[in-house]
Amino acid sequence: MKNKLRIIALWLTPILVIIGSLQLGATENLSIQELTQYIINYFSSSDLLHDVPIETILWQVRLPRILLTFLVGAALATSGGVLQAIFRNPIVDPFTLGISSGAAFGAALAMLIPVLSLNFTAFFFGVCAVAMTYAVSYAGQKASLIGMVLSGIIVSGVFTALLTVLQYLSDPYKLQAIVQWTMGNLHTASWAKLHTAFFPIVIGLGVIIMLRWKLDLLSLGDDEAKAVGVNPKWLKLILISVATMITASSVAAVGVISLFGLIVPHISRMLFGPSNHINVWANLSIGGTFLLVIDNFSRAVMPFEIPVGVFTMIIGAPVFIYLMRKNIMNWNA
Amino acid sequence: MRKGVIIDKVSFNHGKLQVLDEIYAQFPSGKLSVILGRNGSGKSTLFKIIAGLESGYIGNVHIEGLNRKEIKLGKNQEVRIGFMNQFHQTTFPYKVIDIVLTGRSAFSNFSPSKKDYEIVEETLKSFDLWELKDQSYTSLSGGERQLVLLCRVLVQKPDVLLLDEPTNHLDLNYQVKVMDCIRDLANKGTMVICVMHDPNLAMMYGDSFYLMENAKLSEITNLDTTELKQRLEQTYKLALGQLFHQGKAVFMPLINAKDD
């Protein structure tokens, strides 16, 4: 019974928060009646009923931003959950594996060389960075966890250095764009961005949802999978690739949102227990909702917009430290 | 046709150290075979080779007539090999039922089916663990954990079961409980190969016995008591005394009479 209620809440909360987010905004806060009226009017044929400015704001500004934010939040949280299970460590997420600095470098490169598509370049270098992290840590025999985290730091360092070179070379206007991008820029959301990010993220999430139960098995370790007749190699490869893909797409669309994929899986585990069979859904729902709430806060509550990446970092850092202290034993495994 | 597990001239080197030296052994189907030997004698290496975790060996391993290296894991595995490593810890505090359910992973591509749940329930009930199903695995005692892990390996209905020191870290009560379960499985036709430390416990439960010494494995099943005592004294480098208990010989170290 208690479980049923929690599952209903899991589905209902995002819908309510999305509606609530449509009401909020810098221009005008709408009541629920007004919002419903605008939506009904939008689909009606009579020209008299249309209130063009508000409709434009709702349709061209708020809705794409809300949907993109939800999608990105869901993607980051889900991929964080997947990687934590596969690497058997609650302190891993795509960003600790170097994806953010790789993607940031790619984005900066695209801003300086106009031929390159920003989305694609950021995506490409994000994936490159994660691949390098894996390659470096596998160089020995088996990839140990500490090796993985350390090589993540090294790879991040290299890309950050390269990014600094680019920043040094760029003119002030472009420099500002690069810096903004590294702080997460949900305010540049548009239907076009949503289109680019939509398919890789939705397909990726679909694969993860289908394979979610296997994450329980993978999180017990390779030998334990073989012990019950499952070869973990392909499953792991697919899931790691998909998790990287959805993170890279998110980063390409909205810039760097740090530590978000690390925190949400912990919230999900606290609420729904550790099993990934339900947790993948929880990460998806809570991740989307939570990022939307943070974005609403930075959008509507503050007199000026604070970049969302700064927010998540400020919330995330203490959580990260707490987890690191709590899980220090697992680092030897 | 059931042929058991055949180890044919298997050698294994760890760096320059020869761990296994042209081992030959035949473990019969449907029986409980026990491998004894001292720490670091290569028992665990042999276990890993049979389990498929170590493939850098020379020679051949056949399981029920199939070459070990050609057995592909998955749903349609021709011979299902379940194994249980030594004590293992998990990062996440999964519920007992979720842990055991992962044992059915090979059978469902996506979510577990109703049948998977039924088999898990049946197995947990047969071990009297059903009331623990919603408890977190990490909160269990060592003995309970070992039984849960055994259930996890068993829900796949293995043809061959490999166990590495299943009674390690367990109190006397759980040692007997776990061994009773293993004996029961062997009686029902599962082939079990068990690496063990305690020769007495092994002799009480096993069908055939093997001794690992100097990178060689030798069968000691049909030796008479005196010979057996000699072999054990040699292997464990201890003077042993011998008692009779429930019609079987039991060997105990003679304290203060170590002959070095």
# chains A, B, ... in the order shown; residues from 1 in each chain; ligands from 1
call {"tool": "closest_atom_pairs", "arguments": {"of": "chain B", "to": "chain A", "cutoff": "6 Å", "atoms": "only C-alpha atoms", "output": "tab-separated table"}}
result
residue	atom	partner	partner_atom	distance
B:Leu73	CA	A:Gly229	CA	5.1
B:Gly74	CA	A:Val230	CA	5.4
B:Gly82	CA	A:Ala227	CA	5.0
B:Phe83	CA	A:Ala227	CA	4.9
B:Tyr94	CA	A:Pro274	CA	5.6
B:Thr102	CA	A:Leu217	CA	5.3
B:Gly103	CA	A:Val228	CA	5.4
B:Ala106	CA	A:Val230	CA	5.4
B:Phe110	CA	A:Leu211	CA	5.5
B:Ser111	CA	A:Trp213	CA	5.8
B:Val153	CA	A:Val228	CA	5.9
call {"tool": "write_last_selection", "arguments": {"atoms": "all heavy atoms", "output": "tab-separated table (two decimals), in the first residue's frame"}}
result
chain	number	residue	atom	x	y	z
B	73	LEU	N	28.16	-18.54	-22.11
B	73	LEU	CA	27.17	-18.22	-21.08
B	73	LEU	C	25.89	-17.71	-21.72
B	73	LEU	O	25.90	-17.15	-22.80
B	73	LEU	CB	27.73	-17.13	-20.17
B	73	LEU	CG	28.97	-17.49	-19.37
B	73	LEU	CD1	29.40	-16.32	-18.54
B	73	LEU	CD2	28.69	-18.68	-18.47
B	74	GLY	N	24.78	-17.93	-21.05
B	74	GLY	CA	23.52	-17.39	-21.54
B	74	GLY	C	22.36	-18.31	-21.27
B	74	GLY	O	22.47	-19.31	-20.57
B	82	GLY	N	26.95	-23.26	-11.93
B	82	GLY	CA	26.81	-22.21	-10.93
B	82	GLY	C	28.01	-22.28	-10.01
B	82	GLY	O	28.48	-23.37	-9.70
B	83	PHE	N	28.51	-21.14	-9.59
B	83	PHE	CA	29.60	-21.23	-8.62
B	83	PHE	C	29.48	-20.15	-7.57
B	83	PHE	O	28.83	-19.12	-7.77
B	83	PHE	CB	30.97	-21.18	-9.29
B	83	PHE	CG	31.26	-19.95	-10.06
B	83	PHE	CD1	31.77	-18.82	-9.44
B	83	PHE	CD2	31.03	-19.90	-11.43
B	83	PHE	CE1	32.06	-17.68	-10.16
B	83	PHE	CE2	31.31	-18.75	-12.16
B	83	PHE	CZ	31.83	-17.65	-11.53
B	94	TYR	N	20.92	-4.34	-1.00
B	94	TYR	CA	19.76	-4.94	-1.65
B	94	TYR	C	18.97	-5.82	-0.68
B	94	TYR	O	19.54	-6.40	0.23
B	94	TYR	CB	20.18	-5.80	-2.83
B	94	TYR	CG	20.72	-5.03	-3.99
B	94	TYR	CD1	22.00	-5.26	-4.45
B	94	TYR	CD2	19.94	-4.08	-4.62
B	94	TYR	CE1	22.51	-4.55	-5.54
B	94	TYR	CE2	20.44	-3.37	-5.70
B	94	TYR	CZ	21.72	-3.61	-6.15
B	94	TYR	OH	22.20	-2.90	-7.20
B	102	THR	N	18.54	-12.00	-8.80
B	102	THR	CA	19.58	-11.80	-9.82
B	102	THR	C	20.10	-13.14	-10.34
B	102	THR	O	20.67	-13.20	-11.42
B	102	THR	CB	20.78	-10.99	-9.30
B	102	THR	OG1	21.37	-11.70	-8.22
B	102	THR	CG2	20.39	-9.61	-8.85
B	103	GLY	N	19.90	-14.19	-9.56
B	103	GLY	CA	20.31	-15.52	-10.00
B	103	GLY	C	19.54	-16.01	-11.22
B	103	GLY	O	19.96	-16.95	-11.90
B	106	ALA	N	19.92	-14.91	-16.28
B	106	ALA	CA	20.22	-15.50	-17.59
B	106	ALA	C	18.94	-15.85	-18.34
B	106	ALA	O	18.97	-16.04	-19.55
B	106	ALA	CB	21.08	-16.74	-17.40
B	110	PHE	N	14.73	-8.99	-20.10
B	110	PHE	CA	14.44	-7.70	-19.48
B	110	PHE	C	14.03	-7.89	-18.03
B	110	PHE	O	14.85	-8.25	-17.22
B	110	PHE	CB	13.41	-6.94	-20.32
B	110	PHE	CG	13.84	-6.84	-21.76
B	110	PHE	CD1	13.13	-7.46	-22.77
B	110	PHE	CD2	15.02	-6.18	-22.10
B	110	PHE	CE1	13.56	-7.39	-24.08
B	110	PHE	CE2	15.46	-6.11	-23.40
B	110	PHE	CZ	14.72	-6.71	-24.40
B	111	SER	N	12.77	-7.70	-17.70
B	111	SER	CA	12.37	-7.84	-16.31
B	111	SER	C	12.13	-9.30	-15.94
B	111	SER	O	11.86	-10.11	-16.82
B	111	SER	CB	11.10	-7.03	-16.07
B	111	SER	OG	11.40	-5.67	-16.18
B	153	VAL	N	22.67	-18.84	-6.35
B	153	VAL	CA	23.29	-19.68	-7.39
B	153	VAL	C	22.35	-20.82	-7.79
B	153	VAL	O	22.35	-21.28	-8.92
B	153	VAL	CB	24.63	-20.24	-6.88
B	153	VAL	CG1	25.38	-20.90	-8.01
B	153	VAL	CG2	25.48	-19.14	-6.29
call {"tool": "residues_around", "arguments": {"residues": "Asn200 of chain B", "least_positions_apart": "2", "cutoff": "7 Å", "atoms": "only C-alpha atoms", "output": "number ranges by chain"}}
result
B: 198, 202-204, 250-251
call {"tool": "residues_around", "arguments": {"residues": "Lys229 of chain B", "least_positions_apart": "5", "cutoff": "12 Å", "atoms": "only C-alpha atoms", "output": "MDAnalysis selection string"}}
result
chainID B and resid 199:200 220 223:224 234:243 249:253
call {"tool": "select_by_dssp", "arguments": {"residues": "segment 62-207 of chain B", "states": "strand (DSSP E or B)", "output": "list in words"}}
result
His62, Ile63, Leu66, Asn67, Ile81, Gly82, Phe83, Met84, Lys95, Ser136, Val160, Leu161, Leu162, Leu163, Asp164, Met191, Val192, Ile193, Cys194 and Val195 of chain B
call {"tool": "residues_around", "arguments": {"residues": "Met245 of chain A", "least_positions_apart": "4", "cutoff": "8 Å", "atoms": "only C-alpha atoms", "output": "MDAnalysis selection string"}}
result
chainID A and resid 123 127 200:201 204 241 249
call {"tool": "atom_distance", "arguments": {"atom1": "atom CA of Gly106 of chain A", "atom2": "atom CA of Gly126 of chain A"}}
result
7.4 Å
call {"tool": "residues_around", "arguments": {"residues": "Leu68 of chain A", "least_positions_apart": "6", "cutoff": "9 Å", "atoms": "only C-alpha atoms", "output": "list of chain:residue names"}}
result
A:Leu186, A:Ala189, A:Ser190, A:Trp191, A:Lys193, A:Leu194, A:Ala197, A:Phe198, A:Ser250, A:Ala253, A:Val254
call {"tool": "write_last_selection", "arguments": {"atoms": "C-alpha atoms", "output": "mmCIF file, in the first residue's frame"}}
result
data_model
loop_
_atom_site.group_PDB
_atom_site.id
_atom_site.type_symbol
_atom_site.label_atom_id
_atom_site.label_comp_id
_atom_site.auth_asym_id
_atom_site.auth_seq_id
_atom_site.Cartn_x
_atom_site.Cartn_y
_atom_site.Cartn_z
ATOM 1 C CA LEU A 186 19.158 26.302 -19.579
ATOM 2 C CA ALA A 189 16.586 26.423 -24.482
ATOM 3 C CA SER A 190 14.602 26.361 -27.725
ATOM 4 C CA TRP A 191 12.561 23.909 -29.743
ATOM 5 C CA LYS A 193 17.774 22.367 -29.059
ATOM 6 C CA LEU A 194 15.047 20.120 -27.755
ATOM 7 C CA ALA A 197 18.705 16.363 -27.748
ATOM 8 C CA PHE A 198 15.383 14.525 -27.803
ATOM 9 C CA SER A 250 22.542 16.657 -22.341
ATOM 10 C CA ALA A 253 22.394 20.835 -25.289
ATOM 11 C CA VAL A 254 22.653 22.803 -22.057
#
call {"tool": "closest_residue", "arguments": {"among": "A:Thr133, A:Asn279, A:Ser285, A:Thr188", "to": "Pro64 of chain A", "atoms": "only C-alpha atoms"}}
result
A:Thr188
call {"tool": "closest_residue", "arguments": {"among": "A:Val165, A:Gln33, A:Leu150, A:Pro318", "to": "Ile19 of chain A", "atoms": "only C-alpha atoms"}}
result
A:Gln33
call {"tool": "select_by_dssp", "arguments": {"residues": "segment 41-237 of chain B", "states": "helix (DSSP H, G or I)", "output": "PyMOL selection string"}}
result
chain B and resi 43-51+68-70+96-104+114-126+130-132+137-139+142-154+172-187+199-205+225-236
call {"tool": "atom_distance", "arguments": {"atom1": "atom CA of Val160 of chain B", "atom2": "atom CA of Ile81 of chain B"}}
result
4.8 Å
call {"tool": "residues_around", "arguments": {"residues": "Leu118 of chain A", "least_positions_apart": "2", "cutoff": "8 Å", "atoms": "only C-alpha atoms", "output": "VMD selection string"}}
result
chain A and resid 106 to 107 110 to 111 116 120 to 122 252
